[in-house]
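K.L.:
structure-v7.txt (compact mmCIF, C-alpha atoms) pasted underneath:
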```txt
# COMPACT_ATOMS: atom_id res chain seq x y z
CA MET K 1 -19.57 24.37 -55.01
CA PRO K 2 -16.72 22.10 -56.26
CA GLU K 3 -16.51 18.58 -54.88
CA PRO K 4 -13.59 17.89 -52.51
CA ALA K 5 -10.87 15.68 -53.98
CA GLY K 6 -11.55 12.00 -53.50
CA PHE K 7 -15.21 12.58 -52.64
CA ARG K 8 -18.29 11.81 -54.72
CA LEU K 9 -21.59 13.58 -54.18
CA PHE K 10 -24.86 12.01 -55.34
CA GLY K 11 -27.16 14.82 -54.22
CA LYS K 12 -27.41 17.85 -52.00
CA PRO K 13 -28.90 17.02 -48.61
CA ASP K 14 -31.62 19.18 -47.08
CA LEU K 15 -29.97 19.67 -43.69
CA LYS K 16 -29.73 22.78 -41.54
CA SER K 17 -27.96 22.99 -38.20
CA ALA K 18 -27.92 19.20 -38.24
CA TYR K 19 -26.64 16.54 -35.90
CA LEU K 20 -23.96 14.24 -37.35
CA VAL K 21 -23.40 10.71 -36.03
CA VAL K 22 -20.10 9.02 -36.97
CA THR K 23 -19.81 5.23 -36.67
CA TRP K 24 -17.02 2.80 -37.55
CA ASN K 25 -17.53 -0.66 -39.00
CA GLU K 26 -14.68 -2.24 -37.04
CA ASP K 27 -15.74 -1.81 -33.43
CA GLY K 28 -16.15 -4.04 -30.37
CA GLY K 29 -19.53 -5.72 -30.11
CA ARG K 30 -20.28 -4.42 -33.64
CA LEU K 31 -21.31 -1.19 -31.93
CA GLY K 32 -20.80 1.13 -34.90
CA VAL K 33 -22.52 -1.24 -37.32
CA ARG K 34 -25.53 -1.70 -35.07
CA VAL K 35 -25.99 2.02 -34.35
CA ALA K 36 -25.64 2.96 -38.02
CA ASP K 37 -28.00 0.21 -39.17
CA TYR K 38 -30.66 1.12 -36.61
CA LEU K 39 -30.58 4.81 -37.48
CA ALA K 40 -30.58 4.11 -41.21
CA ARG K 41 -33.56 1.74 -41.06
CA HIS K 42 -35.70 3.70 -38.61
CA LEU K 43 -34.99 7.17 -40.04
CA GLU K 44 -35.19 6.31 -43.75
CA ALA K 45 -31.57 7.10 -44.58
CA GLU K 46 -30.59 8.12 -48.11
CA GLU K 47 -26.97 8.03 -49.24
CA PHE K 48 -25.72 11.34 -50.63
CA ALA K 49 -21.91 11.13 -50.60
CA GLN K 50 -19.04 8.68 -50.55
CA ILE K 51 -15.30 8.85 -49.99
CA ASP K 52 -13.31 6.99 -52.64
CA PRO K 53 -11.63 4.00 -50.91
CA PRO K 54 -8.34 3.82 -52.88
CA ASP K 55 -7.11 7.04 -51.29
CA TYR K 56 -7.22 5.64 -47.74
CA PHE K 57 -7.56 1.84 -47.87
CA PRO K 58 -5.14 -0.79 -49.23
CA LEU K 59 -7.42 -2.75 -51.56
CA THR K 60 -4.81 -5.54 -51.75
CA GLY K 61 -6.00 -6.60 -48.30
CA VAL K 62 -9.73 -6.82 -49.00
CA ALA K 63 -11.47 -9.16 -46.54
CA ILE K 64 -13.34 -12.24 -47.79
CA ASP K 65 -16.54 -13.28 -45.97
CA ASP K 66 -18.54 -16.29 -47.23
CA ASP K 67 -16.60 -16.14 -50.52
CA VAL K 68 -17.68 -12.51 -51.04
CA ALA K 69 -15.14 -9.67 -51.16
CA GLN K 70 -15.85 -7.10 -48.45
CA PHE K 71 -14.60 -3.79 -49.84
CA PRO K 72 -14.15 -0.87 -47.42
CA SER K 73 -16.74 1.89 -47.65
CA SER K 74 -17.17 5.42 -46.30
CA LYS K 75 -20.66 6.81 -46.84
CA PHE K 76 -22.73 9.80 -45.79
CA TYR K 77 -26.51 9.53 -45.36
CA GLN K 78 -29.28 12.02 -44.82
CA CYS K 79 -31.92 10.85 -42.33
CA ARG K 80 -35.23 12.17 -41.12
CA ARG K 81 -35.27 14.50 -38.11
CA ASN K 82 -32.38 16.63 -39.42
CA LEU K 83 -29.77 13.93 -38.81
CA ALA K 84 -26.71 13.11 -40.92
CA LEU K 85 -24.97 9.75 -40.61
CA PHE K 86 -21.42 8.87 -41.61
CA ASN K 87 -20.54 5.17 -41.54
CA SER K 88 -17.09 4.02 -42.55
CA ASN K 89 -14.30 1.55 -42.21
CA PRO K 90 -11.44 3.20 -40.30
CA PRO K 91 -8.91 4.65 -42.78
CA ARG K 92 -5.59 2.81 -42.91
CA SER K 93 -3.55 5.84 -43.90
CA ASP K 94 -3.58 9.64 -44.06
CA TRP K 95 -5.96 10.12 -41.13
CA TYR K 96 -5.79 13.88 -41.21
CA ARG K 97 -6.71 14.25 -44.89
CA PHE K 98 -9.50 11.70 -44.48
CA LEU K 99 -11.02 13.43 -41.44
CA ASP K 100 -10.51 16.87 -42.97
CA THR K 101 -12.56 15.72 -45.95
CA VAL K 102 -15.26 14.42 -43.60
CA MET K 103 -15.35 17.82 -41.92
CA ASP K 104 -15.57 19.59 -45.29
CA ILE K 105 -18.77 17.69 -46.01
CA ALA K 106 -20.07 18.09 -42.47
CA ARG K 107 -19.64 21.86 -42.63
CA ASP K 108 -20.46 22.66 -46.25
CA TYR K 109 -23.24 20.18 -47.01
CA CYS K 110 -24.71 19.15 -43.65
CA HIS K 111 -24.24 22.45 -41.79
CA VAL K 112 -23.51 20.41 -38.66
CA ARG K 113 -24.17 21.91 -35.26
CA GLU K 114 -23.02 18.91 -33.18
CA LEU K 115 -21.07 15.76 -33.98
CA TYR K 116 -21.20 12.49 -32.03
CA ALA K 117 -18.83 9.59 -32.73
CA THR K 118 -19.34 6.15 -31.24
CA GLY K 119 -16.67 3.89 -29.80
CA ALA K 120 -16.53 0.63 -27.85
CA MET K 121 -14.30 0.11 -24.80
CA VAL K 122 -13.62 -3.60 -24.34
CA THR K 123 -13.74 -4.19 -20.58
CA LEU K 124 -13.75 -6.90 -17.92
CA ASN K 125 -17.23 -5.84 -16.80
CA PRO K 126 -19.87 -8.59 -17.07
CA HIS K 127 -22.97 -8.15 -19.22
CA THR K 128 -25.10 -7.83 -16.07
CA VAL K 129 -23.57 -4.41 -15.35
CA PRO K 130 -25.58 -1.54 -16.94
CA ARG K 131 -23.77 0.18 -19.82
CA GLN K 132 -22.77 3.77 -19.02
CA ILE K 133 -21.50 6.18 -21.65
CA MET K 134 -18.13 7.78 -20.95
CA ALA K 135 -18.12 10.88 -23.12
CA VAL K 136 -15.12 12.87 -24.34
CA SER K 137 -15.88 16.37 -25.59
CA ASN K 138 -13.84 18.89 -27.57
CA GLY K 139 -14.96 22.03 -25.76
CA PRO K 140 -16.77 23.49 -22.74
CA GLU K 141 -20.07 23.94 -24.56
CA MET K 142 -20.27 20.26 -25.44
CA THR K 143 -19.12 19.28 -21.95
CA GLN K 144 -22.05 21.17 -20.47
CA THR K 145 -24.47 19.59 -22.94
CA LEU K 146 -23.28 16.13 -21.93
CA LYS K 147 -23.62 16.96 -18.24
CA ASP K 148 -27.18 18.16 -18.84
CA PHE K 149 -27.97 14.64 -20.10
CA GLY K 150 -26.25 12.97 -17.16
CA LEU K 151 -23.22 11.68 -19.08
CA ALA K 152 -19.82 11.39 -17.46
CA SER K 153 -17.69 13.82 -19.45
CA GLY K 154 -14.52 14.46 -17.48
CA MET K 155 -12.23 12.58 -19.85
CA ASP K 156 -9.71 14.56 -21.93
CA TYR K 157 -9.55 14.06 -25.69
CA GLU K 158 -5.98 15.37 -25.93
CA THR K 159 -3.54 12.46 -26.26
CA PRO K 160 -0.52 12.40 -23.91
CA PRO K 161 2.81 13.24 -25.57
CA GLY K 162 4.43 10.30 -27.33
CA GLN K 163 1.21 8.35 -27.77
CA ARG K 164 -0.85 7.88 -30.93
CA PRO K 165 -4.37 9.32 -30.62
CA THR K 166 -7.41 7.19 -31.27
CA LEU K 167 -9.21 7.89 -34.52
CA ASN K 168 -12.16 9.37 -32.60
CA SER K 169 -9.87 11.67 -30.61
CA PHE K 170 -8.34 12.85 -33.86
CA LEU K 171 -11.83 13.33 -35.31
CA ILE K 172 -13.13 15.60 -32.56
CA TRP K 173 -9.85 17.55 -32.59
CA VAL K 174 -10.32 18.22 -36.31
CA ALA K 175 -13.95 19.18 -35.59
CA ARG K 176 -12.73 21.66 -32.97
CA ARG K 177 -10.55 23.35 -35.60
CA ARG K 178 -13.74 23.83 -37.66
CA ASN K 179 -15.63 25.24 -34.65
CA ILE K 180 -17.92 22.19 -34.57
CA ALA K 181 -18.91 20.96 -31.10
CA ALA K 182 -18.13 17.25 -30.95
CA ALA K 183 -17.93 14.32 -28.57
CA THR K 184 -17.00 10.65 -28.56
CA LEU K 185 -19.50 8.35 -26.87
CA TRP K 186 -17.43 5.50 -25.41
CA VAL K 187 -19.46 2.50 -24.21
CA PRO K 188 -18.04 -0.47 -22.26
CA VAL K 189 -18.46 -3.83 -24.00
CA PRO K 190 -17.76 -7.09 -22.10
CA PHE K 191 -14.71 -8.78 -23.61
CA TYR K 192 -16.65 -11.97 -24.32
CA LEU K 193 -19.13 -9.99 -26.46
CA ALA K 194 -16.51 -7.97 -28.34
CA ASN K 195 -16.28 -10.42 -31.27
CA VAL K 196 -20.02 -11.03 -31.51
CA GLU K 197 -22.65 -8.41 -30.72
CA ASP K 198 -23.62 -6.29 -27.75
CA PRO K 199 -27.12 -4.92 -28.43
CA GLN K 200 -27.22 -3.39 -24.96
CA ALA K 201 -24.27 -1.15 -25.83
CA ALA K 202 -25.96 -0.08 -29.06
CA ARG K 203 -29.18 0.69 -27.19
CA THR K 204 -27.30 2.87 -24.69
CA VAL K 205 -25.92 5.04 -27.50
CA LEU K 206 -29.20 5.18 -29.41
CA ARG K 207 -31.14 6.18 -26.31
CA PHE K 208 -28.85 9.18 -25.77
CA LEU K 209 -29.00 10.21 -29.44
CA ASP K 210 -32.78 9.85 -29.38
CA GLN K 211 -33.03 12.16 -26.38
CA ARG K 212 -30.49 14.71 -27.60
CA ALA K 213 -31.70 15.03 -31.20
CA GLU K 214 -35.38 14.21 -30.53
CA LEU K 215 -35.37 11.42 -33.11
CA GLY K 216 -38.52 9.65 -31.97
CA LEU K 217 -36.87 6.21 -32.10
CA ASP K 218 -38.71 3.05 -31.10
CA LEU K 219 -36.13 0.90 -29.28
CA SER K 220 -38.43 -2.07 -28.60
CA GLU K 221 -36.68 -4.10 -31.33
CA LEU K 222 -33.40 -3.82 -29.43
CA ASP K 223 -35.13 -4.52 -26.12
CA GLU K 224 -36.30 -7.85 -27.51
CA GLU K 225 -32.84 -8.66 -28.86
CA ILE K 226 -31.27 -7.88 -25.47
CA ARG K 227 -33.82 -10.15 -23.78
CA ARG K 228 -33.00 -13.03 -26.14
CA GLN K 229 -29.25 -12.61 -25.67
CA ASN K 230 -29.62 -12.55 -21.88
CA GLU K 231 -31.67 -15.75 -22.07
CA ARG K 232 -28.90 -17.46 -24.05
CA LEU K 233 -26.31 -16.31 -21.53
CA GLU K 234 -28.42 -17.57 -18.63
CA GLN K 235 -28.82 -20.89 -20.41
CA ALA K 236 -25.05 -21.14 -20.73
CA ARG K 237 -24.67 -20.40 -17.02
CA ARG K 238 -27.13 -23.15 -16.07
CA ARG K 239 -25.54 -25.77 -18.30
CA LEU K 240 -21.86 -24.88 -17.89
CA PRO K 241 -20.66 -24.47 -14.26
CA GLU K 242 -17.29 -23.09 -15.40
CA VAL K 243 -19.04 -20.30 -17.33
CA ASP K 244 -21.25 -19.47 -14.37
CA GLY K 245 -18.25 -19.45 -12.05
CA ALA K 246 -16.27 -17.11 -14.29
CA LEU K 247 -19.20 -14.71 -14.65
CA ARG K 248 -19.79 -14.73 -10.90
CA ARG K 249 -16.16 -13.77 -10.32
CA LEU K 250 -16.49 -10.89 -12.78
CA GLU K 251 -19.70 -9.78 -11.05
CA ASN K 252 -17.74 -9.68 -7.79
CA ASN K 253 -14.91 -7.65 -9.34
CA ILE K 254 -12.51 -10.59 -9.27
CA ALA K 255 -10.15 -10.61 -12.24
CA LEU K 256 -9.86 -13.72 -14.39
CA THR K 257 -6.60 -15.21 -15.56
CA GLU K 258 -5.92 -15.28 -19.27
CA GLU K 259 -6.69 -19.01 -19.32
CA GLU K 260 -9.99 -18.48 -17.48
CA SER K 261 -10.96 -15.70 -19.89
CA GLU K 262 -10.27 -17.93 -22.89
CA LYS K 263 -12.30 -20.76 -21.35
CA LEU K 264 -15.20 -18.37 -20.76
CA MET K 265 -15.20 -17.21 -24.37
CA ARG K 266 -14.95 -20.78 -25.69
CA GLY K 267 -17.78 -21.88 -23.39
CA LEU K 268 -20.06 -19.14 -24.70
CA GLU K 269 -19.31 -19.71 -28.40
CA GLU K 270 -22.18 -22.16 -28.87
CA TYR K 271 -24.67 -19.78 -27.26
CA LEU K 272 -23.56 -16.51 -28.86
```
Using the file provided, produce a representation of the structure as structure tokens.
P.N.:
Amino acid sequence: MPEPAGFRLFGKPDLKSAYLVVTWNEDGGRLGVRVADYLARHLEAEEFAQIDPPDYFPLTGVAIDDDVAQFPSSKFYQCRRNLALFNSNPPRSDWYRFLDTVMDIARDYCHVRELYATGAMVTLNPHTVPRQIMAVSNGPEMTQTLKDFGLASGMDYETPPGQRPTLNSFLIWVARRRNIAAATLWVPVPFYLANVEDPQAARTVLRFLDQRAELGLDLSELDEEIRRQNERLEQARRRLPEVDGALRRLENNIALTEEESEKLMRGLEEYL
């Protein structure tokens, strides 16, 4: 089978009627990074394909972190338990060709039965509110599957006229054209955790994937991380009355002003 243009294959994965998880590196609370990393480490992921960056990313704008160039990447992995993982930077151009290539690999090499993409919704909810997945499906079969697992799935993936779709909406639309059942798993992330990490959001997604695909994940590592983060937040509340006051208002569904929101984020910087 010839390789798709702009795509490099390093091996043929042993996957049949697999689940595919799609995560993005640029996401609130580092949701995509955390989900991908957890799955890769706990399910012994092996890279088998990669999209060539020059076709979709302007390399003139490569990010620098700690004096190291951070080049964009788009990689497929085979994991244990019949799971495929695609982790990528969001493409900067030619979304359709990029996602069509992803679907070529999903169909021809992974034989995907269901696709799940992750996405963070930055919200005004405080961290003390349990994370609930808001799922968007691309067909009635997937909608029923999500309902069977207790997920809210009444949202529509079709973008209103005149508006640009999200990348995940575009993804599950392309999947629908390939007759692949797909859904986006949107998880609320408190705005003051969006630029750091929200392990609780990652755990919410991983728990659903574990149940749906029977992955046998041990989530105790994340449980401990959530406990430590909550301790740091409680410490900030005890030491900084303005932080505690702002969080109490959020817990009582009272909106903060822009200035109050900025003060809250600055107050938590030292602790997060």
K.L.:
What's the separation between CA of Ser17 (chain K) and CA of Asp52 (chain K), in Å to one decimal place?
P.N.:
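Going from CA of Ser17 (chain K) over to CA of Asp52 (chain K) covers 26.1 Å.
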K.L.:
Give me the residues near Lys16 (chain K) as a ChimeraX atom specification, where near means some atom within 8 Å (using all atoms listed in the file) and where sequence neighbours in that chain fewer than 5 positions away do not count.
P.N.:
/K:82,110-112
K.L.:
For the residues in that selection, give me C-alpha atoms as a short mmCIF file (atom, residue, chain, number, x, y, z; two decimals), in the coordinates of the input.
P.N.:
```cif
data_model
loop_
_atom_site.label_atom_id
_atom_site.label_comp_id
_atom_site.auth_asym_id
_atom_site.auth_seq_id
_atom_site.Cartn_x
_atom_site.Cartn_y
_atom_site.Cartn_z
CA ASN K 82 -32.38 16.63 -39.42
CA CYS K 110 -24.71 19.15 -43.65
CA HIS K 111 -24.24 22.45 -41.79
CA VAL K 112 -23.51 20.41 -38.66
#
```
K.L.:
Around region 47-53 of chain K, with edges along x, y and z and 6 Å added on all six sides, what centre and edge lengths do you get, in Å to one decimal, as AutoDock Vina command-line options?
P.N.:
```
--center_x -19.3 --center_y 7.7 --center_z -50.9 --size_x 27.3 --size_y 19.3 --size_z 15.4
```
K.L.:
Which distance in Å separates CA of Leu43 (chain K) and CA of Leu215 (chain K), to one decimal?
P.N.:
8.1 Å
K.L.:
So the first atom is CA of Ala45 (chain K) and the second is CA of Val205 (chain K); what is the distance between them in Å, to one decimal place?
P.N.:
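Straight-line distance from CA of Ala45 (chain K) to CA of Val205 (chain K) works out to 18.1 Å.
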K.L.:
Need to verify the contact set: Asn168 (chain K), 9 Å, all atoms listed in the file, exclusion of same-chain residues closer than 6 positions in sequence. Can you return it as a PyMOL selection string?
P.N.:
chain K and resi 117-119+157+183-184
K.L.:
How close does region 162-272 of chain K get to region 121-133 of chain K? List, as CSV, each residue of region 162-272 of chain K within 12 Å, its nearest atom pair and the distance in Å to one decimal, counting all atoms listed in the file.
P.N.:
```
residue,atom,partner,partner_atom,distance
K:Thr166,CA,K:Met121,CA,11.8
K:Ala183,CA,K:Ile133,CA,11.3
K:Thr184,CA,K:Ile133,CA,9.4
K:Leu185,CA,K:Ile133,CA,6.0
K:Trp186,CA,K:Ile133,CA,5.6
K:Val187,CA,K:Ile133,CA,4.9
K:Pro188,CA,K:Met121,CA,4.6
K:Val189,CA,K:Val122,CA,4.9
K:Pro190,CA,K:Thr123,CA,5.2
K:Phe191,CA,K:Val122,CA,5.3
K:Tyr192,CA,K:Pro126,CA,8.6
K:Leu193,CA,K:His127,CA,8.4
K:Ala194,CA,K:Val122,CA,6.6
K:Asn195,CA,K:Val122,CA,10.1
K:Glu197,CA,K:His127,CA,11.5
K:Asp198,CA,K:His127,CA,8.8
K:Pro199,CA,K:Arg131,CA,10.6
K:Gln200,CA,K:Arg131,CA,7.1
K:Ala201,CA,K:Arg131,CA,6.2
K:Ala202,CA,K:Arg131,CA,9.5
K:Arg203,CA,K:Arg131,CA,9.2
K:Thr204,CA,K:Arg131,CA,6.6
K:Val205,CA,K:Ile133,CA,7.4
K:Leu206,CA,K:Ile133,CA,11.0
K:Arg207,CA,K:Ile133,CA,10.7
K:Phe208,CA,K:Ile133,CA,8.9
K:Leu209,CA,K:Ile133,CA,11.5
K:Ile226,CA,K:His127,CA,10.4
K:Arg227,CA,K:Thr128,CA,11.9
K:Gln229,CA,K:His127,CA,10.0
K:Asn230,CA,K:His127,CA,8.4
K:Glu231,CA,K:His127,CA,11.9
K:Leu233,CA,K:His127,CA,9.1
K:Glu234,CA,K:Thr128,CA,10.6
K:Val243,CA,K:Pro126,CA,11.7
K:Asp244,CA,K:Pro126,CA,11.3
K:Ala246,CA,K:Pro126,CA,9.7
K:Leu247,CA,K:Pro126,CA,6.6
K:Arg248,CA,K:Pro126,CA,8.7
K:Arg249,CA,K:Pro126,CA,9.3
K:Leu250,CA,K:Pro126,CA,5.9
K:Glu251,CA,K:Pro126,CA,6.1
K:Asn252,CA,K:Pro126,CA,9.6
K:Asn253,CA,K:Asn125,CA,8.0
K:Ile254,CA,K:Leu124,CA,9.5
K:Ala255,CA,K:Leu124,CA,7.7
K:Leu256,CA,K:Leu124,CA,8.6
K:Thr257,CA,K:Leu124,CA,11.2
K:Glu258,CA,K:Leu124,CA,11.5
K:Ser261,CA,K:Leu124,CA,9.4
K:Leu264,CA,K:Pro126,CA,11.4
```
K.L.:
K:Phe170, K:Trp95, K:Tyr271, K:Phe10: which is nearest Tyr109 (chain K), counting only C-alpha atoms?
P.N.:
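Under the stated criterion, the closest residue is K:Phe10.
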K.L.:
Please return as an mmCIF file with C-alpha atoms, in the coordinates of the input every residue within 12 Å of (-16.5, 16.4, -19.6), taking into account all atoms listed in the file and the file's own coordinates.
P.N.:
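Wrote selection33.cif, looks like this:
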```cif
data_model
loop_
_atom_site.group_PDB
_atom_site.id
_atom_site.type_symbol
_atom_site.label_atom_id
_atom_site.label_comp_id
_atom_site.auth_asym_id
_atom_site.auth_seq_id
_atom_site.Cartn_x
_atom_site.Cartn_y
_atom_site.Cartn_z
ATOM 1 C CA ILE K 133 -21.500 6.180 -21.650
ATOM 2 C CA MET K 134 -18.130 7.780 -20.950
ATOM 3 C CA ALA K 135 -18.120 10.880 -23.120
ATOM 4 C CA VAL K 136 -15.120 12.870 -24.340
ATOM 5 C CA SER K 137 -15.880 16.370 -25.590
ATOM 6 C CA ASN K 138 -13.840 18.890 -27.570
ATOM 7 C CA GLY K 139 -14.960 22.030 -25.760
ATOM 8 C CA PRO K 140 -16.770 23.490 -22.740
ATOM 9 C CA GLU K 141 -20.070 23.940 -24.560
ATOM 10 C CA MET K 142 -20.270 20.260 -25.440
ATOM 11 C CA THR K 143 -19.120 19.280 -21.950
ATOM 12 C CA GLN K 144 -22.050 21.170 -20.470
ATOM 13 C CA THR K 145 -24.470 19.590 -22.940
ATOM 14 C CA LEU K 146 -23.280 16.130 -21.930
ATOM 15 C CA LYS K 147 -23.620 16.960 -18.240
ATOM 16 C CA ASP K 148 -27.180 18.160 -18.840
ATOM 17 C CA PHE K 149 -27.970 14.640 -20.100
ATOM 18 C CA GLY K 150 -26.250 12.970 -17.160
ATOM 19 C CA LEU K 151 -23.220 11.680 -19.080
ATOM 20 C CA ALA K 152 -19.820 11.390 -17.460
ATOM 21 C CA SER K 153 -17.690 13.820 -19.450
ATOM 22 C CA GLY K 154 -14.520 14.460 -17.480
ATOM 23 C CA MET K 155 -12.230 12.580 -19.850
ATOM 24 C CA ASP K 156 -9.710 14.560 -21.930
ATOM 25 C CA TYR K 157 -9.550 14.060 -25.690
ATOM 26 C CA ALA K 182 -18.130 17.250 -30.950
ATOM 27 C CA ALA K 183 -17.930 14.320 -28.570
ATOM 28 C CA THR K 184 -17.000 10.650 -28.560
ATOM 29 C CA LEU K 185 -19.500 8.350 -26.870
#
```
K.L.:
Could you list, as a list of chain:residue names, every residue within 8 Å of Tyr77 (chain K), counting all atoms listed in the file and ignoring same-chain residues fewer than 6 positions away?
P.N.:
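The residues satisfying every condition are K:Ala40, K:Ala45, K:Glu46, K:Glu47, K:Phe48, K:Ala49, K:Ala84, K:Leu85, K:Phe86.
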K.L.:
Those residues you just picked out, can you put them in a file as a PDB file, in the frame of the given file with C-alpha atoms?
P.N.:
```pdb
ATOM      1  CA  ALA K  40     -30.580   4.110 -41.210  1.00  0.00           C
ATOM      2  CA  ALA K  45     -31.570   7.100 -44.580  1.00  0.00           C
ATOM      3  CA  GLU K  46     -30.590   8.120 -48.110  1.00  0.00           C
ATOM      4  CA  GLU K  47     -26.970   8.030 -49.240  1.00  0.00           C
ATOM      5  CA  PHE K  48     -25.720  11.340 -50.630  1.00  0.00           C
ATOM      6  CA  ALA K  49     -21.910  11.130 -50.600  1.00  0.00           C
ATOM      7  CA  ALA K  84     -26.710  13.110 -40.920  1.00  0.00           C
ATOM      8  CA  LEU K  85     -24.970   9.750 -40.610  1.00  0.00           C
ATOM      9  CA  PHE K  86     -21.420   8.870 -41.610  1.00  0.00           C
TER      10      PHE K  86
END
```
K.L.:
Please provide the set of residues having any atom within 12 Å of Arg41 (chain K), restricted to all atoms listed in the file, with same-chain residues fewer than 4 positions apart removed, written as JSON, numbers by chain.
P.N.:
{"K": [34, 35, 36, 37, 45, 46, 77, 78, 79, 80, 85, 217, 218, 221]}
K.L.:
Residues at most 9 Å from Ser73 (chain K), counting all atoms listed in the file, excluding those fewer than 6 positions away in the same chain, as an MDAnalysis selection string?
P.N.:
chainID K and resid 50:53 87:89
